[in-house]
Structure formats: C-alpha cells, structure tokens
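What follows is the content of my_file_36.pdb (PDB, C-alpha atoms and all ligand atoms).
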```pdb
MODEL        1
ATOM      1  CA  MET A   1     -17.044   0.741   3.891
ATOM      2  CA  SER A   2     -14.351   3.203   4.870
ATOM      3  CA  PRO A   3     -10.765   2.347   3.836
ATOM      4  CA  SER A   4      -9.802   1.939   7.505
ATOM      5  CA  SER A   5     -12.769  -0.291   8.294
ATOM      6  CA  PRO A   6     -11.517  -3.635   9.670
ATOM      7  CA  SER A   7     -14.208  -5.616   7.852
ATOM      8  CA  SER A   8     -16.656  -5.595   4.998
ATOM      9  CA  ILE A   9     -19.202  -8.065   6.314
ATOM     10  CA  PRO A  10     -22.506  -6.861   4.857
ATOM     11  CA  ASN A  11     -25.046  -5.823   7.493
ATOM     12  CA  ASP A  12     -27.730  -8.113   6.081
ATOM     13  CA  LEU A  13     -25.476 -11.120   6.768
ATOM     14  CA  ARG A  14     -24.378 -10.108  10.240
ATOM     15  CA  ALA A  15     -27.373 -11.153  12.289
ATOM     16  CA  SER A  16     -28.735 -13.965  10.128
ATOM     17  CA  GLN A  17     -25.628 -16.033   9.406
ATOM     18  CA  LYS A  18     -26.085 -19.489  10.913
ATOM     19  CA  GLY A  19     -24.287 -21.579   8.288
ATOM     20  CA  LYS A  20     -20.700 -22.802   8.144
ATOM     21  CA  VAL A  21     -17.998 -20.147   8.258
ATOM     22  CA  ALA A  22     -14.359 -20.393   7.138
ATOM     23  CA  LEU A  23     -11.574 -17.842   7.618
ATOM     24  CA  ILE A  24      -8.514 -17.937   5.386
ATOM     25  CA  THR A  25      -5.400 -15.836   5.994
ATOM     26  CA  GLY A  26      -3.276 -14.369   3.202
ATOM     27  CA  THR A  27      -6.031 -14.016   0.590
ATOM     28  CA  SER A  28      -4.762 -10.938  -1.187
ATOM     29  CA  ARG A  29      -3.776 -12.386  -4.576
ATOM     30  CA  GLU A  30      -6.085 -13.889  -7.192
ATOM     31  CA  ALA A  31      -3.377 -16.380  -8.227
ATOM     32  CA  GLY A  32      -2.529 -17.300  -4.612
ATOM     33  CA  LEU A  33      -3.357 -20.532  -2.879
ATOM     34  CA  GLY A  34      -5.454 -18.708  -0.262
ATOM     35  CA  PHE A  35      -7.951 -17.534  -2.866
ATOM     36  CA  ALA A  36      -8.129 -21.011  -4.462
ATOM     37  CA  VAL A  37      -8.922 -22.465  -1.013
ATOM     38  CA  ALA A  38     -11.525 -19.743  -0.373
ATOM     39  CA  ARG A  39     -13.203 -20.452  -3.711
ATOM     40  CA  GLU A  40     -13.406 -24.186  -3.049
ATOM     41  CA  LEU A  41     -14.771 -23.718   0.473
ATOM     42  CA  ALA A  42     -17.311 -21.224  -0.916
ATOM     43  CA  ARG A  43     -18.386 -23.853  -3.476
ATOM     44  CA  LEU A  44     -18.927 -26.245  -0.550
ATOM     45  CA  GLY A  45     -21.347 -23.733   0.973
ATOM     46  CA  PHE A  46     -19.134 -21.981   3.519
ATOM     47  CA  HIS A  47     -19.415 -18.263   4.160
ATOM     48  CA  VAL A  48     -15.784 -17.507   3.427
ATOM     49  CA  LEU A  49     -13.930 -14.719   5.211
ATOM     50  CA  LEU A  50     -11.047 -13.593   3.023
ATOM     51  CA  THR A  51      -8.414 -11.844   5.088
ATOM     52  CA  ALA A  52      -5.385  -9.779   4.116
ATOM     53  CA  ARG A  53      -3.263  -7.021   5.554
ATOM     54  CA  ASN A  54      -4.521  -4.917   2.636
ATOM     55  CA  LEU A  55      -8.324  -4.935   3.081
ATOM     56  CA  PRO A  56      -9.259  -3.565  -0.381
ATOM     57  CA  ARG A  57      -7.434  -6.469  -2.032
ATOM     58  CA  ALA A  58      -9.322  -9.043   0.047
ATOM     59  CA  GLU A  59     -12.564  -7.136  -0.537
ATOM     60  CA  ASN A  60     -11.954  -7.144  -4.296
ATOM     61  CA  LEU A  61     -11.574 -10.964  -4.281
ATOM     62  CA  ALA A  62     -14.567 -11.421  -1.954
ATOM     63  CA  GLY A  63     -16.566  -9.314  -4.438
ATOM     64  CA  GLN A  64     -15.519 -11.678  -7.244
ATOM     65  CA  LEU A  65     -16.869 -14.643  -5.277
ATOM     66  CA  ARG A  66     -20.109 -12.796  -4.494
ATOM     67  CA  ARG A  67     -20.593 -12.019  -8.197
ATOM     68  CA  ASP A  68     -20.243 -15.765  -8.829
ATOM     69  CA  GLY A  69     -23.079 -16.382  -6.366
ATOM     70  CA  TYR A  70     -21.090 -17.355  -3.275
ATOM     71  CA  VAL A  71     -21.174 -15.899   0.230
ATOM     72  CA  ALA A  72     -17.922 -14.082   0.938
ATOM     73  CA  SER A  73     -16.713 -11.200   3.074
ATOM     74  CA  ALA A  74     -13.378  -9.547   3.754
ATOM     75  CA  LEU A  75     -11.529  -8.755   6.963
ATOM     76  CA  ARG A  76      -8.280  -6.916   7.603
ATOM     77  CA  LEU A  77      -5.720  -9.157   9.281
ATOM     78  CA  ASP A  78      -1.986  -8.564   9.484
ATOM     79  CA  LEU A  79      -0.277 -11.453  11.250
ATOM     80  CA  THR A  80       2.524  -9.211  12.477
ATOM     81  CA  ASP A  81      -0.012  -6.977  14.238
ATOM     82  CA  GLN A  82      -1.751  -8.698  17.165
ATOM     83  CA  ILE A  83      -4.296  -5.857  17.358
ATOM     84  CA  THR A  84      -5.663  -6.757  13.917
ATOM     85  CA  VAL A  85      -5.574 -10.447  14.902
ATOM     86  CA  LYS A  86      -7.706  -9.736  17.974
ATOM     87  CA  GLU A  87     -10.024  -7.357  16.080
ATOM     88  CA  ALA A  88     -10.637  -9.986  13.390
ATOM     89  CA  ALA A  89     -11.360 -12.621  16.049
ATOM     90  CA  ILE A  90     -13.801 -10.306  17.861
ATOM     91  CA  THR A  91     -15.593  -9.571  14.568
ATOM     92  CA  VAL A  92     -15.969 -13.307  13.895
ATOM     93  CA  ILE A  93     -17.189 -14.027  17.427
ATOM     94  CA  ASN A  94     -19.643 -11.099  17.465
ATOM     95  CA  THR A  95     -20.932 -11.673  13.935
ATOM     96  CA  PHE A  96     -21.189 -15.452  13.706
ATOM     97  CA  GLY A  97     -20.533 -16.805  17.195
ATOM     98  CA  HIS A  98     -18.692 -19.757  15.664
ATOM     99  CA  LEU A  99     -15.952 -20.619  13.178
ATOM    100  CA  ASP A 100     -15.924 -23.996  11.405
ATOM    101  CA  VAL A 101     -12.657 -23.704   9.496
ATOM    102  CA  LEU A 102      -9.489 -21.678   9.960
ATOM    103  CA  VAL A 103      -6.836 -21.943   7.238
ATOM    104  CA  ASN A 104      -3.493 -20.422   8.231
ATOM    105  CA  ASN A 105      -2.282 -19.867   4.680
ATOM    106  CA  ALA A 106      -0.348 -16.579   4.878
ATOM    107  CA  ALA A 107       3.429 -16.720   4.698
ATOM    108  CA  ASP A 108       6.414 -14.788   3.523
ATOM    109  CA  MET A 109       9.698 -16.120   2.186
ATOM    110  CA  PRO A 110      12.016 -13.229   3.023
ATOM    111  CA  ASP A 111      15.218 -15.155   2.338
ATOM    112  CA  PHE A 112      14.586 -17.079  -0.890
ATOM    113  CA  GLN A 113      18.084 -16.245  -2.151
ATOM    114  CA  THR A 114      19.875 -17.300   1.073
ATOM    115  CA  LEU A 115      21.640 -20.640   0.689
ATOM    116  CA  SER A 116      23.238 -21.107   4.102
ATOM    117  CA  ALA A 117      22.056 -20.801   7.702
ATOM    118  CA  LEU A 118      25.312 -18.903   8.315
ATOM    119  CA  ASP A 119      24.330 -16.116   5.898
ATOM    120  CA  VAL A 120      20.982 -15.541   7.484
ATOM    121  CA  ASP A 121      19.524 -12.096   8.160
ATOM    122  CA  LEU A 122      17.996 -12.272  11.651
ATOM    123  CA  GLU A 123      15.316  -9.760  10.664
ATOM    124  CA  ALA A 124      14.202 -12.251   8.019
ATOM    125  CA  VAL A 125      14.053 -14.964  10.697
ATOM    126  CA  ARG A 126      12.007 -12.703  12.976
ATOM    127  CA  SER A 127       9.607 -11.785  10.184
ATOM    128  CA  ALA A 128       9.130 -15.386   8.986
ATOM    129  CA  MET A 129       8.516 -16.571  12.566
ATOM    130  CA  GLU A 130       6.032 -13.798  13.187
ATOM    131  CA  ILE A 131       3.960 -14.496  10.050
ATOM    132  CA  ASP A 132       4.176 -18.296  10.073
ATOM    133  CA  VAL A 133       4.291 -19.174  13.785
ATOM    134  CA  ILE A 134       3.439 -16.394  16.261
ATOM    135  CA  GLY A 135       0.641 -14.958  14.094
ATOM    136  CA  PRO A 136      -1.195 -18.267  13.518
ATOM    137  CA  TRP A 137      -0.629 -19.251  17.176
ATOM    138  CA  GLY A 138      -2.191 -15.988  18.390
ATOM    139  CA  LEU A 139      -4.999 -16.322  15.868
ATOM    140  CA  VAL A 140      -5.961 -19.811  17.056
ATOM    141  CA  CYS A 141      -5.960 -18.598  20.689
ATOM    142  CA  ALA A 142      -8.013 -15.495  19.845
ATOM    143  CA  LEU A 143     -10.506 -17.540  17.817
ATOM    144  CA  LEU A 144     -10.766 -20.388  20.326
ATOM    145  CA  PRO A 145     -14.252 -19.415  21.629
ATOM    146  CA  ALA A 146     -15.550 -19.420  18.033
ATOM    147  CA  LEU A 147     -13.751 -22.667  17.136
ATOM    148  CA  LYS A 148     -15.115 -24.376  20.265
ATOM    149  CA  ALA A 149     -18.627 -23.096  19.478
ATOM    150  CA  ALA A 150     -18.608 -24.863  16.080
ATOM    151  CA  PRO A 151     -19.716 -28.508  16.129
ATOM    152  CA  ALA A 152     -16.461 -29.791  14.596
ATOM    153  CA  ALA A 153     -13.978 -27.049  13.775
ATOM    154  CA  ARG A 154     -10.901 -27.729  11.663
ATOM    155  CA  VAL A 155      -7.647 -25.765  11.643
ATOM    156  CA  VAL A 156      -5.287 -26.228   8.699
ATOM    157  CA  ASN A 157      -1.774 -24.816   8.741
ATOM    158  CA  VAL A 158      -0.267 -24.503   5.269
ATOM    159  CA  SER A 159       3.242 -25.858   5.574
ATOM    160  CA  SER A 160       6.003 -26.646   3.112
ATOM    161  CA  LEU A 161       8.462 -29.364   2.190
ATOM    162  CA  SER A 162      11.120 -26.781   3.120
ATOM    163  CA  ALA A 163      10.509 -27.729   6.768
ATOM    164  CA  LEU A 164      12.243 -31.047   6.094
ATOM    165  CA  GLN A 165      15.464 -29.204   5.251
ATOM    166  CA  VAL A 166      15.927 -28.300   8.900
ATOM    167  CA  ALA A 167      14.573 -31.449  10.541
ATOM    168  CA  PRO A 168      17.075 -32.873  13.041
ATOM    169  CA  GLY A 169      18.317 -36.316  12.073
ATOM    170  CA  LEU A 170      18.094 -35.779   8.311
ATOM    171  CA  ASP A 171      21.481 -35.497   6.671
ATOM    172  CA  LEU A 172      20.842 -33.222   3.713
ATOM    173  CA  GLY A 173      24.294 -31.620   3.682
ATOM    174  CA  ALA A 174      25.235 -28.010   4.400
ATOM    175  CA  SER A 175      23.486 -26.321   1.501
ATOM    176  CA  MET A 176      19.893 -25.228   1.844
ATOM    177  CA  ARG A 177      17.510 -22.618   0.495
ATOM    178  CA  ALA A 178      15.633 -20.052   2.584
ATOM    179  CA  PRO A 179      16.719 -21.038   6.118
ATOM    180  CA  ALA A 180      14.411 -18.511   7.839
ATOM    181  CA  TYR A 181      11.343 -19.659   5.883
ATOM    182  CA  SER A 182      12.282 -23.323   6.400
ATOM    183  CA  MET A 183      12.731 -22.870  10.153
ATOM    184  CA  ALA A 184       9.367 -21.074  10.348
ATOM    185  CA  LYS A 185       7.611 -23.929   8.496
ATOM    186  CA  TYR A 186       9.354 -26.471  10.761
ATOM    187  CA  MET A 187       8.049 -24.537  13.775
ATOM    188  CA  LEU A 188       4.593 -24.385  12.180
ATOM    189  CA  ASN A 189       4.611 -28.185  11.972
ATOM    190  CA  ALA A 190       5.613 -28.328  15.652
ATOM    191  CA  LEU A 191       2.842 -25.850  16.496
ATOM    192  CA  THR A 192       0.401 -28.126  14.668
ATOM    193  CA  ALA A 193       1.423 -31.059  16.868
ATOM    194  CA  VAL A 194       1.275 -28.956  20.051
ATOM    195  CA  LEU A 195      -2.162 -27.492  19.270
ATOM    196  CA  GLY A 196      -3.465 -30.904  18.205
ATOM    197  CA  ARG A 197      -2.505 -32.280  21.623
ATOM    198  CA  ALA A 198      -3.790 -29.228  23.519
ATOM    199  CA  LEU A 199      -7.192 -29.561  21.826
ATOM    200  CA  ASP A 200      -7.367 -33.335  22.056
ATOM    201  CA  ASP A 201     -10.350 -33.191  24.424
ATOM    202  CA  THR A 202     -12.382 -31.070  21.976
ATOM    203  CA  ALA A 203     -13.964 -31.767  18.572
ATOM    204  CA  ILE A 204     -11.363 -29.533  16.921
ATOM    205  CA  LEU A 205      -8.821 -31.168  14.588
ATOM    206  CA  VAL A 206      -5.593 -29.321  13.761
ATOM    207  CA  ASN A 207      -3.403 -30.494  10.886
ATOM    208  CA  ALA A 208      -0.754 -29.124   8.550
ATOM    209  CA  VAL A 209      -0.704 -29.605   4.783
ATOM    210  CA  ASP A 210       2.286 -29.227   2.503
ATOM    211  CA  PRO A 211       0.630 -28.200  -0.770
ATOM    212  CA  GLY A 212       3.653 -29.116  -2.905
ATOM    213  CA  GLU A 213       5.163 -26.865  -5.552
ATOM    214  CA  THR A 214       2.253 -24.785  -6.792
ATOM    215  CA  ALA A 215       1.982 -22.294  -9.643
ATOM    216  CA  THR A 216       1.002 -19.186  -7.699
ATOM    217  CA  HIS A 217       3.588 -16.825  -9.146
ATOM    218  CA  THR A 218       3.438 -17.551 -12.869
ATOM    219  CA  GLU A 219       4.181 -13.865 -13.556
ATOM    220  CA  ARG A 220       7.747 -14.631 -12.415
ATOM    221  CA  GLY A 221       7.907 -17.537 -14.868
ATOM    222  CA  ASP A 222       9.591 -19.796 -12.306
ATOM    223  CA  ASP A 223       6.808 -22.272 -11.682
ATOM    224  CA  GLU A 224       5.549 -23.400 -15.066
ATOM    225  CA  ASN A 225       5.919 -27.088 -14.123
ATOM    226  CA  ASP A 226       4.193 -26.714 -10.766
ATOM    227  CA  ARG A 227       0.699 -27.967 -10.023
ATOM    228  CA  PRO A 228      -2.236 -25.566 -10.453
ATOM    229  CA  ALA A 229      -3.408 -23.749  -7.310
ATOM    230  CA  ASP A 230      -6.860 -25.418  -7.534
ATOM    231  CA  GLU A 231      -5.227 -28.853  -7.268
ATOM    232  CA  SER A 232      -3.181 -27.905  -4.183
ATOM    233  CA  ALA A 233      -6.279 -26.273  -2.693
ATOM    234  CA  HIS A 234      -8.110 -29.653  -2.824
ATOM    235  CA  ASP A 235      -5.619 -31.116  -0.321
ATOM    236  CA  ILE A 236      -6.030 -28.172   2.047
ATOM    237  CA  VAL A 237      -9.824 -28.371   1.789
ATOM    238  CA  TRP A 238      -9.605 -32.123   2.422
ATOM    239  CA  ALA A 239      -7.909 -31.401   5.769
ATOM    240  CA  ALA A 240     -10.422 -28.612   6.448
ATOM    241  CA  THR A 241     -13.339 -31.013   6.075
ATOM    242  CA  LEU A 242     -12.012 -34.158   7.785
ATOM    243  CA  PRO A 243     -14.733 -36.253   9.438
ATOM    244  CA  ALA A 244     -14.999 -36.624  13.208
ATOM    245  CA  GLY A 245     -12.384 -38.972  14.613
ATOM    246  CA  GLY A 246      -9.917 -37.949  11.896
ATOM    247  CA  PRO A 247      -6.232 -37.327  12.540
ATOM    248  CA  THR A 248      -5.014 -34.326  14.495
ATOM    249  CA  GLY A 249      -1.599 -32.764  15.098
ATOM    250  CA  LYS A 250      -0.239 -34.290  11.888
ATOM    251  CA  VAL A 251       1.439 -33.099   8.687
ATOM    252  CA  PHE A 252       0.157 -34.268   5.288
ATOM    253  CA  ARG A 253       1.338 -34.104   1.716
ATOM    254  CA  ASP A 254      -0.914 -35.454  -1.070
ATOM    255  CA  ARG A 255      -3.266 -36.506   1.778
ATOM    256  CA  LYS A 256      -0.584 -38.902   3.083
ATOM    257  CA  LEU A 257       1.086 -38.587   6.455
ATOM    258  CA  VAL A 258       4.557 -37.017   6.383
ATOM    259  CA  ALA A 259       6.807 -38.816   8.835
TER
HETATM  260  N1  LIG A 301       3.422 -21.861  -3.978
HETATM  261  C1  LIG A 301       4.165 -22.892  -3.575
HETATM  262  O1  LIG A 301       4.850 -23.535  -4.378
HETATM  263  C2  LIG A 301       4.153 -23.307  -2.124
HETATM  264  C3  LIG A 301       4.872 -24.445  -1.769
HETATM  265  C4  LIG A 301       4.866 -24.848  -0.436
HETATM  266  C5  LIG A 301       4.134 -24.115   0.492
HETATM  267  N2  LIG A 301       3.448 -23.002   0.109
HETATM  268  C6  LIG A 301       2.700 -22.250   1.122
HETATM  269  O2  LIG A 301       1.398 -21.962   0.634
HETATM  270  C7  LIG A 301       0.917 -20.745   1.213
HETATM  271  C8  LIG A 301       0.420 -19.803   0.139
HETATM  272  O3  LIG A 301       1.479 -19.478  -0.718
HETATM  273  P1  LIG A 301       1.302 -18.817  -2.159
HETATM  274  O4  LIG A 301       2.217 -19.529  -3.049
HETATM  275  O5  LIG A 301      -0.134 -18.723  -2.505
HETATM  276  O6  LIG A 301       1.954 -17.391  -1.933
HETATM  277  P2  LIG A 301       1.337 -15.941  -1.837
HETATM  278  O7  LIG A 301       0.268 -15.720  -2.828
HETATM  279  O8  LIG A 301       2.504 -15.054  -1.853
HETATM  280  O9  LIG A 301       0.650 -15.975  -0.423
HETATM  281  C9  LIG A 301       1.151 -15.453   0.684
HETATM  282  C10 LIG A 301       0.076 -14.575   1.277
HETATM  283  O10 LIG A 301       0.454 -14.250   2.596
HETATM  284  C11 LIG A 301       0.182 -12.895   2.779
HETATM  285  N3  LIG A 301       0.960 -12.281   3.830
HETATM  286  C12 LIG A 301       2.291 -11.993   3.865
HETATM  287  N4  LIG A 301       2.603 -11.368   4.998
HETATM  288  C13 LIG A 301       1.449 -11.251   5.709
HETATM  289  C14 LIG A 301       1.109 -10.696   6.958
HETATM  290  N5  LIG A 301       2.029 -10.091   7.728
HETATM  291  N6  LIG A 301      -0.176 -10.761   7.382
HETATM  292  C15 LIG A 301      -1.122 -11.345   6.620
HETATM  293  N7  LIG A 301      -0.873 -11.881   5.414
HETATM  294  C16 LIG A 301       0.407 -11.824   4.962
HETATM  295  C17 LIG A 301       0.466 -12.242   1.431
HETATM  296  O11 LIG A 301      -0.192 -10.997   1.396
HETATM  297  P3  LIG A 301       0.437  -9.665   0.715
HETATM  298  O12 LIG A 301      -0.087  -9.681  -0.682
HETATM  299  O13 LIG A 301      -0.111  -8.562   1.545
HETATM  300  O14 LIG A 301       1.929  -9.795   0.791
HETATM  301  C18 LIG A 301      -0.138 -13.282   0.501
HETATM  302  O15 LIG A 301      -1.513 -13.068   0.336
HETATM  303  C19 LIG A 301       2.076 -20.190   2.032
HETATM  304  O16 LIG A 301       1.941 -20.599   3.382
HETATM  305  C20 LIG A 301       3.290 -20.884   1.434
HETATM  306  O17 LIG A 301       4.378 -20.975   2.331
HETATM  307  C21 LIG A 301       3.443 -22.571  -1.184
ENDMDL
END
```

Please rewrite the model in this file as structure tokens.
Ligand SMILES: NC(=O)c1ccc[n+]([C@@H]2O[C@H](COP(=O)([O-])OP(=O)(O)OC[C@H]3O[C@@H](n4cnc5c(N)ncnc54)[C@H](OP(=O)(O)O)[C@@H]3O)[C@@H](O)[C@H]2O)c1
Amino acid sequence: MSPSSPSSIPNDLRASQKGKVALITGTSREAGLGFAVARELARLGFHVLLTARNLPRAENLAGQLRRDGYVASALRLDLTDQITVKEAAITVINTFGHLDVLVNNAADMPDFQTLSALDVDLEAVRSAMEIDVIGPWGLVCALLPALKAAPAARVVNVSSLSALQVAPGLDLGASMRAPAYSMAKYMLNALTAVLGRALDDTAILVNAVDPGETATHTERGDDENDRPADESAHDIVWAATLPAGGPTGKVFRDRKLVA
C-alpha cells in the first residue's frame, strides 16, 4: 500500500466479500469510541472498514483487529474533503456492492473553552458543521446505493448531550460550553430526523445515539469518572443492529428515546 493509497482493502477480500460490512468514521485513535465500535462490530462478524483522515493510523488499528482474528480494512476519509468522501463511497460500492452499517462517529470540538455563543469563533462553527453535519450528510448520500443494496442497512449518528444546550424551548440560562460543537450536534440530530423521514420507504433505519460521557481521552486526566468506551460502544452497536420495524429518525441515550 502506498502512503497516498485511499484504501488498504486486501485484494483477496475484494472479490469474495459477501458478508456484512460496516464503515465507521473517525477511527484514528485506539482509545476513541470509533475503534471500540469497530471492535464490537468485528466481534459480531462484520467486515469493519476503519476510516480516518490519516490512513496509516486507521490501517494500524485495522491491523490490530486482523491480528485478533477479525476482518478489518482501512480507508482514507476526511469529512471536510468531499473528494475523499466520494472516493471512499466508490471503493465500498465497487468492492462490496453493499453496506450494512454506517456509523458517523467522527467529530471535533474546536471550541471546548468557549462559554458563550457571543464569544464564538465562526471558523470553529464552520469546522464543526462540516465534520458533524455536512460530512455525514454527504457520506450518506454518496453511500446510498450501497445502503439500499443491503437487506436492512442501519445508519447511526453519534450525537451528544451538548445538543440539548441549544434546543429551543429549554431555559438553561446564558452560560454554555462549546457553542459551535453543540450547534453541530443539534443539527446532527435534525439531520437524523430528516434522513429517517426521507428513507422511510426503504429498509434503512437512521438513528442518533448520545454515548454519554466516555473515557476516550484519559491521557488528559479529565474523564476518570466517565464510562469506558466499550460500554458506550454497546449503545451505538445496539442502534446499528436494530431489528426490522425498529425506530428511525430518533435520538437515543442509554437505549431510551431522548425527547
Ligand atoms: N467522549 C465523550 O465523552 C463523548 C460524549 C458525547 C459524544 N461524544 C461523541 O463521540 C464521538 C467520538 O468521540 P471520542 O470521544 O471517541 O473522540 P475522538 O477520539 O477525538 O474521536 C473523534 C474522531 O474524529 C476524527 N476526526 C476529526 N476531524 C475529522 C475529519 N475532518 N474527518 C474525519 N475524521 C475526523 C478524529 O480523527 P483525528 O485523529 O484525525 O483528529 C477522531 O478519530 C464523537 O462524535 C463525539 O462528539 C463523545
């Protein structure tokens, strides 16, 4: 594989792969939620496609899963670059012809320290929207032929409780954390509802999951009381494997509907 290669799907898997396939965005960090989700889906027998803007990092994690006996490949995918989004979708369509699960896990919190919507950096808003809303939206559209070709595809958007901070009608006062990130997650929830409705006449279910505070950055020492990534991953995998007739266009936390 050359460093610029958009994928590392082994040739021997390309033609023969008929089983279930799952693509997860933002799988660049071993401690991240994306990798925990990929590992659990791999355990369930999915060929997992780990994607990241830095391909060697995704390839390194895919290699770990392969050494553990699972089927895993890596693809380059930068959600701010629609060319990589389309290239990844074409690779999936040409290699597998179908996609059973898409987990939109990637995100960035560019304004963690910002405590007021009036202090916001508009570049941070643009970046958060691109990674959390426009990117996943484009990815679903680009992957639609593969999602429709699967018998019962599931799309899971990884949301956050932060979305509630900006929900109209909730009086939470003036202070808030990370307005750009929160707005992007609010929009991601709205996108979930919109896509759920748009795909209502298909077998595809689209839902969002708020994983809750999760210990994915223990190196910073700020999440020692948070739940382990494996535990949060269970809830995402639950939504990724909902039975036919399950909910669509909804937001869940701890597998319960968020109003
Ligand atoms: N951890 C929590 O407490 C918590 C709580 C609520 C919701 N969530 C949500 O859970 C998800 C995973 O979070 P995490 O805690 O596991 O954080 P994380 O490890 O930082 O995951 C974010 C991932 O997104 C990737 N990413 C950033 N910009 C990207 C881009 N332009 N294109 C493609 N990928 C990009 C990052 O890749 P790079 O390494 O290349 O930057 C990283 O792999 C996120 O959606 C987050 O909002 C987390």

Return as lines of an AutoDock Vina configuration file the box centre and box size in Å, one decimal, for an axis-aligned box around all listed atoms of ligand LIG 301 (chain A) padded by 3 Å per side.
```
center_x = 1.7
center_y = -16.7
center_z = 1.7
size_x = 12.4
size_y = 22.3
size_z = 18.1
```

Using only C-alpha atoms and all ligand atoms, find each protein or nucleic acid residue lying at most 9 Å from ligand LIG 301 (chain A); present the set as a VMD selection string. chain A and resid 25 to 36 51 to 54 57 to 58 76 to 81 104 to 109 127 to 128 130 to 132 135 157 to 162 181 185 209 to 217 223 226 to 227 229 232

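Here the question is which of A:Phe112, A:Trp137, A:Gly169, A:Ser175 gets nearest to A:Val194 using all atoms listed in the file, and that residue is A:Trp137.
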
Shortest interatomic distance to A:Leu147 - which of A:Ser116, A:Thr202, A:Asn189, A:Thr248, counting all atoms listed in the file: A:Thr202

Do a neighbour search on A:Ala88 at 8 Å with only C-alpha atoms, toss out local chain neighbours closer than 2 positions, and write the hits as a list in words. Pro6, Ser7, Leu75, Arg76, Leu77, Thr84, Val85, Lys86, Ile90, Thr91 and Val92 of chain A

Evaluate the PyMOL selection byres (((chain A and resi 62) around 10) and not hetatm) and report residues as an MDAnalysis selection string: chainID A and resid 8 27:28 35 38:39 48:51 56:61 63:68 70:75

Those residues with C-alpha atoms, as an mmCIF file, in the coordinates of the input please?
```
data_model
loop_
_atom_site.group_PDB
_atom_site.id
_atom_site.type_symbol
_atom_site.label_atom_id
_atom_site.label_comp_id
_atom_site.auth_asym_id
_atom_site.auth_seq_id
_atom_site.Cartn_x
_atom_site.Cartn_y
_atom_site.Cartn_z
ATOM 1 C CA SER A 8 -16.656 -5.595 4.998
ATOM 2 C CA THR A 27 -6.031 -14.016 0.590
ATOM 3 C CA SER A 28 -4.762 -10.938 -1.187
ATOM 4 C CA PHE A 35 -7.951 -17.534 -2.866
ATOM 5 C CA ALA A 38 -11.525 -19.743 -0.373
ATOM 6 C CA ARG A 39 -13.203 -20.452 -3.711
ATOM 7 C CA VAL A 48 -15.784 -17.507 3.427
ATOM 8 C CA LEU A 49 -13.930 -14.719 5.211
ATOM 9 C CA LEU A 50 -11.047 -13.593 3.023
ATOM 10 C CA THR A 51 -8.414 -11.844 5.088
ATOM 11 C CA PRO A 56 -9.259 -3.565 -0.381
ATOM 12 C CA ARG A 57 -7.434 -6.469 -2.032
ATOM 13 C CA ALA A 58 -9.322 -9.043 0.047
ATOM 14 C CA GLU A 59 -12.564 -7.136 -0.537
ATOM 15 C CA ASN A 60 -11.954 -7.144 -4.296
ATOM 16 C CA LEU A 61 -11.574 -10.964 -4.281
ATOM 17 C CA GLY A 63 -16.566 -9.314 -4.438
ATOM 18 C CA GLN A 64 -15.519 -11.678 -7.244
ATOM 19 C CA LEU A 65 -16.869 -14.643 -5.277
ATOM 20 C CA ARG A 66 -20.109 -12.796 -4.494
ATOM 21 C CA ARG A 67 -20.593 -12.019 -8.197
ATOM 22 C CA ASP A 68 -20.243 -15.765 -8.829
ATOM 23 C CA TYR A 70 -21.090 -17.355 -3.275
ATOM 24 C CA VAL A 71 -21.174 -15.899 0.230
ATOM 25 C CA ALA A 72 -17.922 -14.082 0.938
ATOM 26 C CA SER A 73 -16.713 -11.200 3.074
ATOM 27 C CA ALA A 74 -13.378 -9.547 3.754
ATOM 28 C CA LEU A 75 -11.529 -8.755 6.963
#
```

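The nearest approach to A:Asp121 among the residues A:Ala167, A:Ala180, A:Val37, A:Ala239, with all atoms listed in the file taken into account, belongs to A:Ala180.
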
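The space between atom CA of A:Leu41 and atom CA of A:Ala22 spans 7.5 Å.
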
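Coordinates place atom CA of A:Asn207 at a distance of 13.4 Å from atom CA of A:Tyr186.
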
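Atom to atom, atom CA of A:Ala142 and atom CA of A:Gln82 stand 9.6 Å apart.
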
Polymer residues at most 8 Å from A:Pro179, all atoms listed in the file, same-chain spacing of 6 or more positions, as a VMD selection string: chain A and resid 111 114 to 117 120 166

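When all atoms listed in the file are used to measure the gap to A:Asp119, the shortest distance among A:Ala149, A:Leu170, A:Arg177, A:Leu188 belongs to A:Arg177.
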
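Closest approach to A:Ala259 from the set A:Leu23, A:Ala163, A:Leu118, A:Gly45 is made by A:Ala163, with distances taken over all atoms listed in the file.
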
On this structure, the PyMOL selection byres (((chain A and resi 240) around 7) and not hetatm) would catch which residues? List them as a ChimeraX atom specification, sorted by chain and number. /A:101,154-156,236-239,241-242

Only C-alpha atoms, please: the residues just picked out, written as a PDB file, in the coordinates of the input.
```pdb
ATOM      1  CA  VAL A 101     -12.657 -23.704   9.496  1.00  0.00           C
ATOM      2  CA  ARG A 154     -10.901 -27.729  11.663  1.00  0.00           C
ATOM      3  CA  VAL A 155      -7.647 -25.765  11.643  1.00  0.00           C
ATOM      4  CA  VAL A 156      -5.287 -26.228   8.699  1.00  0.00           C
ATOM      5  CA  ILE A 236      -6.030 -28.172   2.047  1.00  0.00           C
ATOM      6  CA  VAL A 237      -9.824 -28.371   1.789  1.00  0.00           C
ATOM      7  CA  TRP A 238      -9.605 -32.123   2.422  1.00  0.00           C
ATOM      8  CA  ALA A 239      -7.909 -31.401   5.769  1.00  0.00           C
ATOM      9  CA  THR A 241     -13.339 -31.013   6.075  1.00  0.00           C
ATOM     10  CA  LEU A 242     -12.012 -34.158   7.785  1.00  0.00           C
TER      11      LEU A 242
END
```

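Take the candidates A:Ala184, A:Leu55, A:Leu144, A:Val103 and check each one against A:Asp235 using only C-alpha atoms; the shortest distance goes to A:Val103.
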
For the structure provided, state which residues fall under the PyMOL selection byres (((chain A and resi 204) around 9) and not hetatm), and present them as a list in words. Leu147, Lys148, Ala150, Pro151, Ala152, Ala153, Arg154, Val155, Gly196, Leu199, Asp200, Asp201, Thr202, Ala203, Leu205, Val206, Ala244 and Thr248 of chain A

Output stretch 146-152 of chain A as a JSON list (two decimals), keeping the file's coordinate frame, making sure N, CA and C atoms are there.
```json
[["chain", "number", "residue", "atom", "x", "y", "z"],
["A", 146, "ALA", "N", -14.76, -19.17, 19.25],
["A", 146, "ALA", "CA", -15.55, -19.42, 18.03],
["A", 146, "ALA", "C", -15.31, -20.84, 17.52],
["A", 147, "LEU", "N", -14.06, -21.31, 17.60],
["A", 147, "LEU", "CA", -13.75, -22.67, 17.14],
["A", 147, "LEU", "C", -14.45, -23.69, 18.02],
["A", 148, "LYS", "N", -14.46, -23.44, 19.33],
["A", 148, "LYS", "CA", -15.12, -24.38, 20.26],
["A", 148, "LYS", "C", -16.63, -24.35, 20.10],
["A", 149, "ALA", "N", -17.17, -23.21, 19.64],
["A", 149, "ALA", "CA", -18.63, -23.10, 19.48],
["A", 149, "ALA", "C", -19.11, -23.82, 18.22],
["A", 150, "ALA", "N", -18.21, -24.11, 17.28],
["A", 150, "ALA", "CA", -18.61, -24.86, 16.08],
["A", 150, "ALA", "C", -18.71, -26.34, 16.45],
["A", 151, "PRO", "N", -19.58, -27.10, 15.75],
["A", 151, "PRO", "CA", -19.72, -28.51, 16.13],
["A", 151, "PRO", "C", -18.44, -29.32, 15.91],
["A", 152, "ALA", "N", -17.67, -28.99, 14.89],
["A", 152, "ALA", "CA", -16.46, -29.79, 14.60],
["A", 152, "ALA", "C", -15.47, -28.94, 13.81]]
```
